[in-house]
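query.txt follows; it contains compact mmCIF, C-alpha atoms and all ligand atoms.
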```txt
# COMPACT_ATOMS: atom_id res chain seq x y z
CA MET O 1 -19.88 -21.45 -32.67
CA ASP O 2 -21.76 -21.13 -29.39
CA TYR O 3 -23.00 -24.53 -28.24
CA SER O 4 -24.42 -23.49 -24.90
CA ASN O 5 -28.06 -23.64 -26.06
CA LEU O 6 -27.51 -27.00 -27.69
CA PHE O 7 -26.27 -29.05 -24.75
CA SER O 8 -28.62 -31.66 -23.31
CA ALA O 9 -29.80 -31.38 -19.71
CA ASN O 10 -27.49 -34.36 -19.05
CA ALA O 11 -24.47 -32.58 -20.50
CA ASN O 12 -25.26 -29.48 -18.50
CA ARG O 13 -25.37 -31.52 -15.29
CA MET O 14 -21.92 -33.05 -15.83
CA LYS O 15 -18.99 -31.77 -13.82
CA PRO O 16 -15.30 -32.33 -14.51
CA SER O 17 -13.38 -34.36 -11.92
CA ILE O 18 -11.53 -31.79 -9.84
CA ILE O 19 -8.92 -34.45 -9.13
CA ARG O 20 -7.97 -34.72 -12.79
CA ALA O 21 -7.65 -30.93 -12.98
CA LEU O 22 -5.54 -30.95 -9.84
CA LEU O 23 -3.26 -33.71 -11.13
CA LYS O 24 -2.27 -31.52 -14.07
CA LEU O 25 -1.37 -28.77 -11.64
CA VAL O 26 0.95 -30.93 -9.57
CA GLN O 27 2.82 -32.59 -12.43
CA GLN O 28 5.94 -30.50 -11.93
CA ALA O 29 9.15 -32.44 -11.56
CA ASP O 30 10.11 -30.91 -8.22
CA ILE O 31 6.75 -31.51 -6.51
CA ILE O 32 6.41 -34.68 -4.47
CA SER O 33 2.87 -35.66 -5.24
CA PHE O 34 0.66 -37.71 -2.95
CA ALA O 35 -2.27 -36.58 -5.09
CA GLY O 36 -2.67 -39.15 -7.86
CA GLY O 37 -3.85 -42.66 -7.05
CA THR O 38 -2.15 -44.07 -10.11
CA PRO O 39 -0.02 -47.22 -9.90
CA ASP O 40 3.74 -46.87 -10.21
CA ALA O 41 4.56 -47.38 -13.90
CA ASP O 42 7.92 -48.96 -12.98
CA LEU O 43 5.94 -51.87 -11.56
CA PHE O 44 3.99 -52.74 -14.71
CA PRO O 45 4.67 -56.32 -15.87
CA GLN O 46 6.02 -54.87 -19.09
CA GLU O 47 8.21 -57.73 -20.32
CA ILE O 48 5.57 -60.42 -19.75
CA LEU O 49 2.89 -58.30 -21.41
CA ALA O 50 5.17 -57.50 -24.38
CA ASP O 51 5.87 -61.21 -24.97
CA THR O 52 2.24 -62.12 -24.47
CA ALA O 53 1.00 -59.36 -26.78
CA SER O 54 3.22 -60.41 -29.68
CA ARG O 55 2.30 -64.08 -29.21
CA VAL O 56 -1.42 -63.28 -29.02
CA ILE O 57 -1.32 -61.14 -32.18
CA ARG O 58 0.57 -63.83 -34.10
CA GLU O 59 -1.39 -66.81 -32.88
CA GLN O 60 -4.87 -65.42 -32.21
CA GLY O 61 -4.79 -62.22 -34.28
CA LYS O 62 -7.73 -63.08 -36.53
CA LEU O 63 -10.00 -63.06 -33.47
CA ALA O 64 -8.09 -60.75 -31.15
CA LEU O 65 -7.99 -57.92 -33.71
CA GLN O 66 -11.65 -58.37 -34.63
CA TYR O 67 -14.79 -57.01 -32.93
CA GLY O 68 -15.69 -59.18 -29.97
CA GLU O 69 -18.79 -60.14 -28.07
CA THR O 70 -20.16 -57.30 -25.93
CA VAL O 71 -20.19 -59.47 -22.82
CA GLY O 72 -16.47 -60.13 -23.18
CA TRP O 73 -13.79 -62.47 -24.58
CA LYS O 74 -14.81 -65.88 -23.34
CA PRO O 75 -11.34 -67.07 -22.30
CA LEU O 76 -10.98 -63.96 -20.14
CA ARG O 77 -14.46 -64.39 -18.63
CA GLU O 78 -13.43 -67.95 -17.76
CA GLN O 79 -10.13 -66.86 -16.23
CA VAL O 80 -11.81 -64.12 -14.18
CA ALA O 81 -14.43 -66.61 -12.95
CA LEU O 82 -11.63 -69.00 -11.86
CA TYR O 83 -9.78 -66.16 -10.19
CA LEU O 84 -12.85 -64.99 -8.26
CA SER O 85 -13.84 -68.57 -7.38
CA ALA O 86 -10.40 -69.02 -5.79
CA GLN O 87 -11.28 -66.01 -3.59
CA GLY O 88 -14.48 -67.70 -2.43
CA ILE O 89 -16.90 -66.05 -4.87
CA ASN O 90 -19.25 -68.64 -6.28
CA CYS O 91 -19.38 -67.95 -10.04
CA THR O 92 -18.85 -69.23 -13.58
CA TYR O 93 -18.08 -67.29 -16.76
CA GLU O 94 -21.85 -66.74 -17.15
CA ASN O 95 -21.71 -64.39 -14.16
CA ILE O 96 -18.96 -62.29 -15.73
CA LEU O 97 -19.18 -59.20 -17.95
CA ILE O 98 -15.90 -57.68 -19.05
CA THR O 99 -15.94 -53.88 -18.93
CA THR O 100 -13.71 -51.06 -20.12
CA GLY O 101 -12.24 -50.53 -16.64
CA SER O 102 -14.31 -50.92 -13.50
CA GLN O 103 -15.39 -47.30 -13.98
CA GLN O 104 -17.57 -48.60 -16.78
CA GLY O 105 -18.99 -51.21 -14.39
CA VAL O 106 -20.06 -48.40 -12.04
CA TYR O 107 -21.58 -46.50 -14.95
CA LEU O 108 -23.44 -49.51 -16.38
CA ALA O 109 -24.82 -50.41 -12.96
CA GLY O 110 -26.12 -46.84 -12.70
CA LEU O 111 -27.57 -46.92 -16.21
CA THR O 112 -29.28 -50.22 -15.49
CA LEU O 113 -30.68 -49.47 -12.02
CA ILE O 114 -31.09 -45.73 -11.36
CA ASN O 115 -34.12 -43.66 -12.35
CA PRO O 116 -34.01 -39.85 -12.02
CA GLY O 117 -34.63 -38.97 -8.38
CA ASP O 118 -33.78 -42.45 -7.04
CA GLN O 119 -32.03 -42.45 -3.69
CA VAL O 120 -28.62 -44.12 -3.76
CA LEU O 121 -26.73 -44.96 -0.58
CA VAL O 122 -23.10 -43.88 -0.81
CA GLU O 123 -20.23 -43.84 1.64
CA GLU O 124 -19.01 -40.46 2.76
CA PRO O 125 -16.29 -39.86 1.74
CA SER O 126 -16.53 -41.92 -1.47
CA TYR O 127 -14.85 -42.46 -4.82
CA LEU O 128 -15.40 -39.33 -6.89
CA GLY O 129 -15.74 -41.25 -10.19
CA GLY O 130 -18.63 -43.22 -8.70
CA LEU O 131 -20.40 -40.11 -7.42
CA LEU O 132 -20.00 -38.34 -10.76
CA ALA O 133 -21.34 -41.40 -12.63
CA PHE O 134 -24.45 -41.61 -10.45
CA GLN O 135 -25.05 -37.88 -10.83
CA ASN O 136 -25.43 -38.50 -14.58
CA PHE O 137 -28.53 -40.53 -13.77
CA GLN O 138 -29.88 -37.83 -11.43
CA ALA O 139 -29.44 -39.97 -8.34
CA LYS O 140 -30.09 -38.37 -4.97
CA PHE O 141 -27.44 -39.32 -2.44
CA VAL O 142 -28.12 -40.71 0.99
CA THR O 143 -24.77 -40.67 2.76
CA MET O 144 -23.39 -43.29 5.11
CA PRO O 145 -20.46 -42.06 7.25
CA CYS O 146 -17.36 -44.10 6.43
CA GLY O 147 -14.92 -44.37 9.34
CA GLU O 148 -11.72 -46.35 9.72
CA GLN O 149 -13.79 -49.57 9.72
CA GLY O 150 -16.00 -48.53 6.82
CA ILE O 151 -19.75 -48.14 7.25
CA ASP O 152 -21.72 -49.42 10.24
CA PRO O 153 -24.44 -51.90 9.17
CA ALA O 154 -26.67 -51.01 12.18
CA GLN O 155 -26.45 -47.33 11.25
CA VAL O 156 -27.24 -48.17 7.61
CA ASP O 157 -30.28 -50.12 8.78
CA GLN O 158 -31.58 -47.09 10.72
CA LEU O 159 -30.77 -44.73 7.89
CA VAL O 160 -32.68 -46.78 5.32
CA SER O 161 -35.63 -47.24 7.69
CA ARG O 162 -36.11 -43.48 7.88
CA THR O 163 -35.43 -42.71 4.20
CA SER O 164 -38.33 -42.21 1.84
CA PRO O 165 -38.63 -43.15 -0.95
CA LYS O 166 -36.66 -46.28 -0.10
CA PRO O 167 -33.24 -46.54 -1.74
CA LYS O 168 -32.62 -49.63 -3.84
CA LEU O 169 -28.88 -49.34 -4.43
CA LEU O 170 -26.00 -49.21 -1.93
CA TYR O 171 -22.57 -48.38 -3.35
CA THR O 172 -19.62 -49.45 -1.24
CA ILE O 173 -15.86 -49.90 -1.50
CA PRO O 174 -15.48 -52.12 1.56
CA THR O 175 -11.83 -53.07 1.13
CA PHE O 176 -9.02 -50.47 1.34
CA GLN O 177 -11.47 -47.76 0.40
CA ASN O 178 -10.73 -44.87 -1.91
CA PRO O 179 -10.29 -42.28 -0.44
CA ALA O 180 -10.59 -43.26 3.25
CA GLY O 181 -8.26 -46.30 3.19
CA SER O 182 -10.83 -48.05 5.41
CA THR O 183 -11.79 -51.73 5.53
CA LEU O 184 -15.09 -53.18 6.66
CA PRO O 185 -14.30 -56.01 9.09
CA GLU O 186 -15.33 -59.46 7.92
CA GLU O 187 -18.06 -59.99 10.54
CA LYS O 188 -19.73 -56.76 9.43
CA ARG O 189 -19.85 -57.90 5.79
CA ASP O 190 -22.42 -60.55 6.54
CA GLN O 191 -24.36 -58.03 8.67
CA LEU O 192 -24.41 -55.53 5.82
CA LEU O 193 -25.75 -58.19 3.49
CA GLU O 194 -28.45 -58.96 6.07
CA VAL O 195 -29.44 -55.27 6.17
CA ALA O 196 -29.56 -55.24 2.36
CA ARG O 197 -31.80 -58.33 2.44
CA LYS O 198 -34.11 -56.73 5.00
CA HIS O 199 -34.58 -53.60 2.90
CA ASP O 200 -34.33 -55.26 -0.51
CA LEU O 201 -31.24 -53.29 -1.53
CA ILE O 202 -28.78 -54.19 -4.26
CA ILE O 203 -25.18 -53.83 -3.08
CA LEU O 204 -22.70 -52.54 -5.65
CA GLU O 205 -19.35 -53.72 -4.28
CA ASP O 206 -16.45 -51.93 -5.96
CA ASN O 207 -13.18 -53.71 -5.23
CA PRO O 208 -10.25 -52.49 -7.33
CA TYR O 209 -7.78 -52.57 -4.41
CA GLY O 210 -8.69 -55.85 -2.67
CA GLU O 211 -5.63 -57.75 -3.91
CA LEU O 212 -3.23 -55.10 -2.58
CA ASN O 213 -3.57 -56.54 0.89
CA TYR O 214 -0.73 -55.96 3.39
CA THR O 215 -2.17 -58.04 6.23
CA GLY O 216 -1.07 -61.46 4.97
CA LYS O 217 -4.64 -62.64 5.71
CA THR O 218 -7.47 -63.08 3.24
CA ILE O 219 -10.24 -60.51 3.40
CA LYS O 220 -13.34 -61.99 1.84
CA ALA O 221 -15.44 -59.88 -0.49
CA ILE O 222 -19.08 -59.18 0.48
CA LYS O 223 -19.92 -61.01 -2.75
CA SER O 224 -18.50 -64.23 -1.30
CA PHE O 225 -21.30 -64.22 1.34
CA ASP O 226 -23.99 -63.59 -1.29
CA THR O 227 -26.26 -66.55 -1.97
CA GLU O 228 -29.14 -64.80 -3.76
CA GLY O 229 -27.56 -62.50 -6.37
CA ARG O 230 -27.92 -59.37 -4.21
CA VAL O 231 -24.37 -58.15 -4.82
CA ILE O 232 -23.00 -56.73 -8.06
CA TYR O 233 -19.25 -57.10 -7.69
CA LEU O 234 -16.74 -54.98 -9.63
CA GLY O 235 -13.10 -55.93 -10.11
CA SER O 236 -10.31 -54.36 -12.13
CA PHE O 237 -7.06 -55.15 -13.93
CA SER O 238 -5.91 -51.55 -13.33
CA LYS O 239 -4.27 -51.86 -9.93
CA ILE O 240 -3.03 -55.45 -10.26
CA ALA O 241 -1.39 -55.14 -13.67
CA SER O 242 -2.15 -52.24 -16.03
CA PRO O 243 -4.70 -49.41 -15.99
CA GLY O 244 -3.89 -48.53 -19.60
CA MET O 245 -5.33 -51.84 -20.82
CA ARG O 246 -8.70 -50.58 -19.50
CA LEU O 247 -10.07 -53.87 -18.23
CA GLY O 248 -12.55 -54.47 -15.48
CA TRP O 249 -15.18 -57.09 -14.69
CA VAL O 250 -18.63 -57.33 -13.25
CA CYS O 251 -19.62 -60.49 -11.38
CA ALA O 252 -23.37 -60.71 -10.91
CA ASP O 253 -26.47 -62.77 -11.52
CA PRO O 254 -26.75 -63.68 -15.25
CA SER O 255 -30.02 -61.72 -15.61
CA LEU O 256 -28.27 -58.55 -14.39
CA ILE O 257 -25.30 -59.34 -16.62
CA ALA O 258 -27.68 -59.55 -19.59
CA ARG O 259 -29.13 -56.08 -18.87
CA MET O 260 -25.75 -54.52 -18.26
CA THR O 261 -24.50 -56.08 -21.50
CA MET O 262 -27.36 -54.42 -23.40
CA ALA O 263 -26.40 -51.14 -21.77
CA LYS O 264 -22.75 -51.64 -22.74
CA GLU O 265 -23.65 -52.39 -26.36
CA THR O 266 -24.71 -48.77 -26.84
CA ALA O 267 -21.65 -47.44 -25.02
CA ASP O 268 -18.72 -49.09 -26.77
CA VAL O 269 -19.85 -52.28 -28.61
CA CYS O 270 -17.18 -54.26 -26.79
CA THR O 271 -14.11 -53.79 -24.63
CA ASP O 272 -10.75 -53.78 -26.46
CA VAL O 273 -10.45 -57.40 -27.58
CA LEU O 274 -6.67 -57.30 -27.87
CA SER O 275 -6.34 -56.19 -24.24
CA GLN O 276 -8.77 -58.89 -23.19
CA SER O 277 -6.91 -61.64 -25.02
CA ILE O 278 -3.55 -60.51 -23.55
CA ALA O 279 -5.05 -60.43 -20.06
CA ALA O 280 -6.57 -63.90 -20.51
CA GLU O 281 -3.10 -65.28 -21.33
CA PHE O 282 -1.58 -63.34 -18.42
CA PHE O 283 -4.01 -65.03 -16.02
CA LYS O 284 -3.64 -68.44 -17.72
CA GLY O 285 0.16 -68.28 -17.59
CA GLY O 286 -0.03 -67.98 -13.78
CA HIS O 287 1.89 -64.69 -13.80
CA LEU O 288 -0.40 -62.84 -11.46
CA LYS O 289 0.68 -64.48 -8.21
CA ASP O 290 4.36 -63.52 -8.55
CA HIS O 291 3.49 -60.12 -9.89
CA LEU O 292 1.13 -59.40 -6.99
CA GLY O 293 3.86 -60.51 -4.59
CA ARG O 294 6.14 -57.83 -6.05
CA LEU O 295 3.43 -55.16 -5.92
CA ILE O 296 2.50 -55.97 -2.33
CA GLY O 297 6.15 -55.95 -1.21
CA THR O 298 6.74 -52.52 -2.74
CA TYR O 299 3.48 -50.81 -1.81
CA GLN O 300 3.52 -52.20 1.71
CA GLY O 301 7.00 -50.70 2.19
CA ARG O 302 5.68 -47.36 0.95
CA ARG O 303 2.64 -47.53 3.24
CA ASP O 304 4.95 -48.20 6.18
CA ALA O 305 7.29 -45.38 5.15
CA MET O 306 4.39 -42.94 4.95
CA LEU O 307 2.95 -43.97 8.31
CA SER O 308 6.26 -43.83 10.17
CA ALA O 309 7.04 -40.42 8.63
CA ILE O 310 3.59 -39.15 9.63
CA ASP O 311 4.17 -40.48 13.16
CA GLN O 312 7.40 -38.53 13.22
CA TYR O 313 6.56 -35.27 11.42
CA PHE O 314 2.83 -34.53 11.72
CA PRO O 315 1.50 -32.53 14.67
CA LYS O 316 -0.13 -34.87 17.17
CA SER O 317 -3.54 -33.20 16.75
CA ILE O 318 -3.85 -34.57 13.20
CA ARG O 319 -5.76 -37.83 13.02
CA TYR O 320 -5.06 -40.41 10.35
CA ASN O 321 -5.78 -44.04 9.64
CA ARG O 322 -3.43 -46.99 9.21
CA PRO O 323 -4.71 -48.65 6.00
CA LEU O 324 -4.46 -52.43 5.76
CA GLY O 325 -3.99 -52.30 2.00
CA GLY O 326 -4.54 -50.27 -1.15
CA PHE O 327 -3.03 -46.87 -1.88
CA PHE O 328 -4.40 -44.28 0.54
CA VAL O 329 -3.91 -42.66 3.92
CA TRP O 330 -6.75 -40.35 4.98
CA ALA O 331 -6.04 -37.55 7.41
CA GLU O 332 -8.19 -35.15 9.42
CA LEU O 333 -6.74 -31.85 10.53
CA PRO O 334 -8.12 -30.09 13.61
CA GLU O 335 -11.54 -28.67 12.62
CA HIS O 336 -10.36 -25.06 12.42
CA LEU O 337 -7.73 -25.83 9.77
CA ASN O 338 -8.74 -25.83 6.13
CA ALA O 339 -7.02 -28.32 3.82
CA VAL O 340 -8.22 -26.39 0.76
CA THR O 341 -6.46 -23.17 1.70
CA LEU O 342 -3.42 -25.04 3.02
CA PHE O 343 -3.09 -26.76 -0.34
CA GLU O 344 -1.46 -23.63 -1.79
CA LYS O 345 1.06 -23.61 1.04
CA ALA O 346 1.76 -27.29 0.42
CA ILE O 347 2.40 -26.59 -3.27
CA ALA O 348 4.74 -23.76 -2.26
CA ALA O 349 6.57 -26.33 -0.11
CA LYS O 350 6.64 -28.62 -3.19
CA VAL O 351 4.34 -31.33 -1.92
CA ALA O 352 0.77 -32.16 -3.01
CA TYR O 353 -2.26 -34.03 -1.71
CA VAL O 354 -5.91 -34.24 -2.68
CA VAL O 355 -8.28 -32.06 -0.68
CA GLY O 356 -10.87 -34.25 1.03
CA THR O 357 -13.78 -32.03 -0.09
CA ALA O 358 -13.53 -33.73 -3.51
CA PHE O 359 -14.98 -36.91 -2.04
CA TYR O 360 -18.06 -35.45 -0.38
CA THR O 361 -21.49 -35.08 -1.95
CA LYS O 362 -22.15 -31.54 -0.73
CA GLU O 363 -20.04 -28.44 -0.93
CA GLY O 364 -18.37 -27.27 2.25
CA GLN O 365 -17.99 -30.73 3.78
CA GLY O 366 -14.70 -32.35 4.70
CA LEU O 367 -12.81 -29.04 4.61
CA ASN O 368 -10.30 -30.28 7.19
CA THR O 369 -9.62 -33.61 5.44
CA LEU O 370 -7.12 -34.81 2.85
CA ARG O 371 -6.06 -37.95 0.99
CA MET O 372 -2.44 -38.95 0.59
CA ALA O 373 -1.55 -41.68 -1.91
CA PHE O 374 1.64 -43.63 -1.21
CA CYS O 375 1.64 -45.60 -4.50
CA THR O 376 3.56 -43.30 -6.82
CA SER O 377 6.69 -42.14 -5.00
CA ASN O 378 9.52 -44.22 -3.57
CA GLU O 379 10.09 -44.48 0.20
CA GLU O 380 12.74 -41.75 0.32
CA LYS O 381 10.49 -39.27 -1.49
CA ILE O 382 7.57 -40.27 0.68
CA ARG O 383 9.54 -39.45 3.84
CA GLU O 384 10.68 -36.13 2.39
CA GLY O 385 7.16 -35.24 1.20
CA VAL O 386 5.61 -36.04 4.58
CA LYS O 387 8.31 -33.99 6.30
CA ARG O 388 7.48 -30.98 4.08
CA LEU O 389 3.76 -31.43 4.70
CA GLY O 390 4.35 -31.78 8.43
CA GLY O 391 6.15 -28.42 8.29
CA VAL O 392 3.16 -26.79 6.54
CA PHE O 393 0.74 -28.14 9.17
CA GLN O 394 3.04 -27.22 12.10
CA GLU O 395 3.19 -23.67 10.81
CA ALA O 396 -0.59 -23.46 10.32
CA LEU O 397 -1.06 -24.61 13.91
CA ARG O 398 1.45 -22.08 15.18
CA GLU O 399 -0.56 -19.36 13.42
CA ARG O 400 -3.94 -20.70 14.62
CA PRO O 401 -3.31 -23.05 17.54
C1 LIG O 501 -12.95 -47.17 -6.04
C2 LIG O 501 -12.63 -47.12 -7.49
N1 LIG O 501 -13.49 -47.66 -8.37
C3 LIG O 501 -13.24 -47.66 -9.69
C4 LIG O 501 -12.09 -47.09 -10.19
C5 LIG O 501 -11.88 -47.11 -11.67
O1 LIG O 501 -10.84 -47.92 -12.03
P1 LIG O 501 -10.65 -48.55 -13.45
O2 LIG O 501 -11.73 -48.02 -14.36
O3 LIG O 501 -9.29 -48.18 -13.89
O4 LIG O 501 -10.80 -50.03 -13.27
C6 LIG O 501 -11.15 -46.52 -9.32
C7 LIG O 501 -9.93 -45.89 -9.84
O5 LIG O 501 -9.13 -45.34 -9.18
C8 LIG O 501 -11.44 -46.54 -7.93
O6 LIG O 501 -10.59 -46.01 -7.03
```
Before anything else, please render the file you have as structure tokens.
Amino acid sequence: MDYSNLFSANANRMKPSIIRALLKLVQQADIISFAGGTPDADLFPQEILADTASRVIREQGKLALQYGETVGWKPLREQVALYLSAQGINCTYENILITTGSQQGVYLAGLTLINPGDQVLVEEPSYLGGLLAFQNFQAKFVTMPCGEQGIDPAQVDQLVSRTSPKPKLLYTIPTFQNPAGSTLPEEKRDQLLEVARKHDLIILEDNPYGELNYTGKTIKAIKSFDTEGRVIYLGSFSKIASPGMRLGWVCADPSLIARMTMAKETADVCTDVLSQSIAAEFFKGGHLKDHLGRLIGTYQGRRDAMLSAIDQYFPKSIRYNRPLGGFFVWAELPEHLNAVTLFEKAIAAKVAYVVGTAFYTKEGQGLNTLRMAFCTSNEEKIREGVKRLGGVFQEALRERP
């Protein structure tokens, strides 16, 4: 049957994530892949979760295997509120909506706030899943350049002043950004909030990587400076424990939570209650601190291995950042080199990255950029992969100096 005349305008606007397509391509055993930003499965807290799951099913099964409230399993909402409060975010369980991954939080925020044609401020480059979600609501993008220190509040102020109609939503990943690995310095967080206040913008702060912090110092969320409910904060269980459990949370003013809950009701009724009840016990049991310590130790070592290998093997004309946390190093080749065409050469050399163009709003931008994730491979493979990639770039520069 031919469905092409039957699809809605919405369905016709949707685009597949080129990153997911690319990940399939690079899943060959002999390719060292820096493409996927997926956590290392060997680091999942498997034993603790197995014990917790069987206990929860035995002891709480009548509720945990039942439909749950759309807004979330109350013990988990309480645990998340405690967890965020300990990070300086002023909240109770009434500020928390549990979502099916933080991706759903992005989607529900879009569904709740964006009308067709609305201007949405996004970082450039930005998280592809966020851009694709907003495109579903026919958002128009106003892009804020995202450098090694994130976006510049003064620049955002000027940008909004000259944008008409005025945007009402600003989407940012201020901590260990995906894909740029950038972090907005603390003093600029307050400034950004001030700019948002001036222009009456809602800030959607997406923070799935914030806990993977390799500085040893706390980096406060923008939400922790928010006194008037201007920030919708998104957190996730995916990078700190398990992405397969599909758990995320929204922390926002209760009136926004109520609207987003209505939106969620039509999407999936409720998030997997069994996952929620296991996660609540995981938090309650105090397992997260030790587990995060293990994750940080391992990922920090991999970040360091990637950076020192890049220092050693990449041509000096390639610029790259030194991320303070998270999963990603972002690199810029000299302007005349094209990371899209070099991708094939990289695959031939058995190493993969994500082309930076995937994270831009318009075609043809970011052609000389790429993202390298250091989360999936061990340090030895990282060094070998960077060496291979360095060889590809050296050769490209020899051909076109
Ligand atoms: C910036 C950002 N936001 C949201 C997500 C979605 O994560 P999840 O739905 O697994 O919580 C990701 C996943 O990689 C991400 O990088």
*O:Ser317, O:Gln79, O:Asn95, O:Asn378: which is nearest Gln394 in chain O, counting all atoms listed in the file?*
O:Ser317
Cut-off 7 Å, only C-alpha atoms and all ligand atoms, neighbours of ligand LIG 501 (chain O) as a PDB file with C-alpha atoms, in the frame of the given file:
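Listed below is the output, selection-v2.pdb:
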```pdb
ATOM      1  CA  GLY O  37      -3.850 -42.660  -7.050  1.00  0.00           C
ATOM      2  CA  THR O 100     -13.710 -51.060 -20.120  1.00  0.00           C
ATOM      3  CA  GLY O 101     -12.240 -50.530 -16.640  1.00  0.00           C
ATOM      4  CA  SER O 102     -14.310 -50.920 -13.500  1.00  0.00           C
ATOM      5  CA  GLN O 103     -15.390 -47.300 -13.980  1.00  0.00           C
ATOM      6  CA  GLN O 104     -17.570 -48.600 -16.780  1.00  0.00           C
ATOM      7  CA  TYR O 127     -14.850 -42.460  -4.820  1.00  0.00           C
ATOM      8  CA  GLY O 129     -15.740 -41.250 -10.190  1.00  0.00           C
ATOM      9  CA  GLY O 130     -18.630 -43.220  -8.700  1.00  0.00           C
ATOM     10  CA  ILE O 173     -15.860 -49.900  -1.500  1.00  0.00           C
ATOM     11  CA  GLN O 177     -11.470 -47.760   0.400  1.00  0.00           C
ATOM     12  CA  ASN O 178     -10.730 -44.870  -1.910  1.00  0.00           C
ATOM     13  CA  ASP O 206     -16.450 -51.930  -5.960  1.00  0.00           C
ATOM     14  CA  ASN O 207     -13.180 -53.710  -5.230  1.00  0.00           C
ATOM     15  CA  PRO O 208     -10.250 -52.490  -7.330  1.00  0.00           C
ATOM     16  CA  SER O 236     -10.310 -54.360 -12.130  1.00  0.00           C
ATOM     17  CA  PHE O 237      -7.060 -55.150 -13.930  1.00  0.00           C
ATOM     18  CA  SER O 238      -5.910 -51.550 -13.330  1.00  0.00           C
ATOM     19  CA  PRO O 243      -4.700 -49.410 -15.990  1.00  0.00           C
ATOM     20  CA  ARG O 246      -8.700 -50.580 -19.500  1.00  0.00           C
ATOM     21  CA  LEU O 247     -10.070 -53.870 -18.230  1.00  0.00           C
ATOM     22  CA  GLY O 248     -12.550 -54.470 -15.480  1.00  0.00           C
TER      23      GLY O 248
END
```
_So that I can check the surroundings of Ser33 in chain O, please list as a PyMOL selection string every protein, DNA and RNA residue that reaches within 8 Å of it, counting all atoms listed in the file and ignoring chain neighbours fewer than 3 positions away._
chain O and resi 26-27+36+351-353+376-377+385
_Selected residue, from O:Leu274, O:Val160, O:Val355, O:Ile18, that lies nearest to Gln119 in chain O when counting only C-alpha atoms_ =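 For Gln119 in chain O, the nearest of the given residues is O:Val160.
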*Residue nearest Leu65 in chain O among O:Val273, O:Ala263, O:Ala81, O:Ala109 (counting only C-alpha atoms)*: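 Going through O:Val273, O:Ala263, O:Ala81, O:Ala109 one by one, the smallest distance to Leu65 in chain O is for O:Val273.
Within the 9 Å cut-off around Ile48 in chain O, using all atoms listed in the file and omitting residues fewer than 3 positions from it on the same chain, the listed residues are Pro45, Asp51, Thr52, Ala53, Phe282 and His287 of chain O.
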Could you write out that same residue set with C-alpha atoms as a CSV table (one decimal), keeping the file's coordinate frame?
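Saved result, out39.csv, follows:
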```csv
chain,number,residue,atom,x,y,z
O,45,PRO,CA,4.7,-56.3,-15.9
O,51,ASP,CA,5.9,-61.2,-25.0
O,52,THR,CA,2.2,-62.1,-24.5
O,53,ALA,CA,1.0,-59.4,-26.8
O,282,PHE,CA,-1.6,-63.3,-18.4
O,287,HIS,CA,1.9,-64.7,-13.8
```
Quick one: what's the axis-aligned box for range 388-399 of chain O, all listed atoms, 8 Å on every side, centre and edges in Å to one decimal, as AutoDock Vina command-line options?
```
--center_x 3.2 --center_y -25.6 --center_z 9.6 --size_x 24.5 --size_y 28.4 --size_z 27.1
```
*Hey, which of O:Pro39, O:Ile318, O:Gln28, O:Glu94 ends up closest to Asp253 in chain O? Count all atoms listed in the file.*
O:Glu94
*Neighbourhood query: residues within 9 Å of (-17.5, -56.9, 6.5), file coordinates, counting all atoms listed in the file; return as a VMD selection string.*
chain O and resid 149 to 150 153 174 to 175 183 to 193 219 to 222
*Nearest-residue call for Ile57 in chain O, choices O:Leu370, O:Leu121, O:Ala196, O:Ile278, using only C-alpha atoms*: O:Ile278
*Between O:Glu379, O:Asp272, O:Glu124, O:Glu47, which is the closest to Thr298 in chain O once you count only C-alpha atoms?*
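Using only C-alpha atoms, the shortest distance to Thr298 in chain O belongs to O:Glu379.
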*Could you state the separation of CA of Arg303 in chain O and CA of Ser85 in chain O in Å, given to one decimal place?*
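These atoms are spaced 28.8 Å apart.
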_Test item: residues at most 6 Å from Glu205 in chain O, only C-alpha atoms, excluding those fewer than 2 positions along its chain, as a PyMOL selection string_ = chain O and resi 172-173+203+233
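Pairwise distance (CA of Arg13 in chain O, CA of Tyr360 in chain O) equals 17.1 Å.
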*Write out as a PyMOL selection string the residues lying within 10 Å of Gly301 in chain O, counting only C-alpha atoms and excluding same-chain residues fewer than 3 positions away.*
chain O and resi 214+295-298+304-307+374-375+378-379
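Near Lys387 in chain O, within 8 Å and counting all atoms listed in the file, sit Ala309, Ile310, Tyr313 and Phe314 of chain O, not including residues fewer than 6 positions from it in the same chain.
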*Separation of CA of Gln135 in chain O from CA of Ala258 in chain O in Å*: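 According to the coordinates, CA of Ala258 in chain O and CA of Gln135 in chain O are separated by 23.5 Å.
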